[in-house]
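Participant: Just passing along the structure, written as structure tokens.
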Amino acid sequence: MQTSGLVENKTLEAFDWDFQPGLDKSFIVELGRLDFVRRRDDLVITGKSGTGKSHILKAFGLRACQQGLSLRYARCVDLLDDLHAALADNTYQRRIKAWARPDFLIIDDVGLGQVRKRDDEPTAAHTLFNLIDRRHGKLSTAVTSNIRLRDWGKYLGDATLATAILDRLAMHAIRIDIDGPSYRQRIASQRADKRGVPPSDDSQA
């Protein structure tokens, strides 16, 4: 846990299944055994912000630690920032090996946050491809995306490399799409109702 990057102890038991009735609870609970990690399969969860994607993967990450599996968790923008910083201090090879090493790597919130785009640096797509390619078929990677997979090229800065990333993930990936409401928006609405005012746009984000 100390080296995993997890800062919240989310659990499947605390997930609000009633709020996402379209989600197959039994399937998620089965995945929570982490047999897919031991099979070295990948997992891709898509859906709007606030639908529970991160909660599920953080719960899986906690279980991985409890089961003695090595884990690294990071938001996509933070992972990319770390590897871009490594280019400046000549620690890139050491850092990418560290990210590529764990039994289970969770890359959260692809599509959320601003990725760096500088002409003198590799694109975010190039950086992420190098990492995914190192792990492909060898270790399990789980990803959540707040944007459609076909929009990864625009977000990461290179459509060809984004396609290559998705090809590698999709080969062994379990796919889950959460097509439901935002839990954060519901909480914001409940709080607004108690105050007697409509929720602001910021509270619904």
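Quick note on naming: the chains in the structure tokens go A, B, ... in the order shown, residues restart at 1 in each chain, and ligands are numbered from 1 in order of appearance.
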Show me, as a PyMOL selection string, the residues that have an atom within 12 Å of Gly68 in chain A when counting only C-alpha atoms, minus same-chain residues fewer than 2 positions from it.

Facilitator: chain A and resi 1+4+34+38+61-66+70-71+102-104

Participant: Please list as a VMD selection string every residue within 9 Å of His172 in chain A, counting only C-alpha atoms and excluding residues in the same chain fewer than 5 positions away.

Facilitator: chain A and resid 40 to 43 136 to 137

Participant: Which residues are close to Lys48 in chain A, i.e. within 8 Å by only C-alpha atoms, leaving aside same-chain residues fewer than 4 positions away? Reply as a PyMOL selection string.

Facilitator: chain A and resi 146-147+178-182

Participant: Leaving out Leu161 in chain A and any residue of its chain fewer than 4 positions from it, which residues lie within 7 Å of it when counting only C-alpha atoms, given as a PyMOL selection string?

Facilitator: chain A and resi 125-126+129+165

Participant: Restricting the output to C-alpha atoms, write the selected residues as a short mmCIF file (atom, residue, chain, number, x, y, z; two decimals), in the first residue's frame.

Facilitator:
```
data_model
loop_
_atom_site.label_atom_id
_atom_site.label_comp_id
_atom_site.auth_asym_id
_atom_site.auth_seq_id
_atom_site.Cartn_x
_atom_site.Cartn_y
_atom_site.Cartn_z
CA ALA A 125 0.60 8.87 -27.02
CA HIS A 126 4.26 7.99 -27.59
CA PHE A 129 2.58 3.44 -25.95
CA ILE A 165 -2.21 1.40 -27.67
#
```

Participant: Neighbouring residues of range 130-135 of chain A were defined as those with any atom within 12 Å, considering only C-alpha atoms; residues of the same chain fewer than 6 positions away were excluded. Please report them as a short mmCIF file (atom, residue, chain, number, x, y, z; two decimals) with C-alpha atoms, in the first residue's frame.

Facilitator:
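Okay, this is what ended up in around_38.cif:
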```cif
data_model
loop_
_atom_site.label_atom_id
_atom_site.label_comp_id
_atom_site.auth_asym_id
_atom_site.auth_seq_id
_atom_site.Cartn_x
_atom_site.Cartn_y
_atom_site.Cartn_z
CA ARG A 40 -2.38 -11.21 -17.24
CA ASP A 41 -5.54 -9.95 -18.93
CA ASP A 42 -6.25 -6.25 -19.28
CA CYS A 76 -3.19 9.19 -16.54
CA LEU A 79 1.76 9.13 -14.90
CA LEU A 80 2.55 11.05 -18.10
CA LEU A 83 7.61 10.17 -17.35
CA TYR A 92 13.42 7.97 -18.02
CA GLN A 93 14.67 4.38 -18.36
CA ARG A 95 11.14 5.33 -14.18
CA ILE A 96 9.48 3.56 -17.11
CA LYS A 97 10.90 0.24 -15.88
CA ALA A 98 9.37 0.97 -12.47
CA TRP A 99 5.96 1.69 -14.03
CA ALA A 100 6.22 -1.43 -16.21
CA ARG A 101 7.17 -3.76 -13.35
CA PRO A 102 4.08 -4.29 -11.11
CA ASP A 103 1.74 -7.25 -11.43
CA PHE A 104 -1.19 -4.83 -11.73
CA LEU A 105 -1.05 -1.31 -13.15
CA ILE A 106 -4.08 0.98 -12.90
CA ILE A 107 -4.19 4.01 -15.21
CA PRO A 122 7.42 13.00 -27.29
CA THR A 123 3.63 13.07 -27.48
CA ALA A 124 1.60 11.67 -24.62
CA THR A 141 -3.14 -3.27 -16.96
CA ALA A 142 -6.49 -1.67 -16.11
CA VAL A 143 -7.64 1.64 -17.58
CA LEU A 161 -0.07 5.56 -31.71
CA ALA A 162 -3.38 5.79 -29.85
CA ALA A 164 -1.63 0.96 -31.41
CA ILE A 165 -2.21 1.40 -27.67
CA LEU A 166 -5.83 0.31 -27.99
CA ASP A 167 -4.88 -2.65 -30.20
CA ARG A 168 -2.59 -3.94 -27.47
CA LEU A 169 -5.07 -3.34 -24.68
CA ALA A 170 -7.99 -4.79 -26.63
CA HIS A 172 -6.50 -9.28 -23.86
#
```
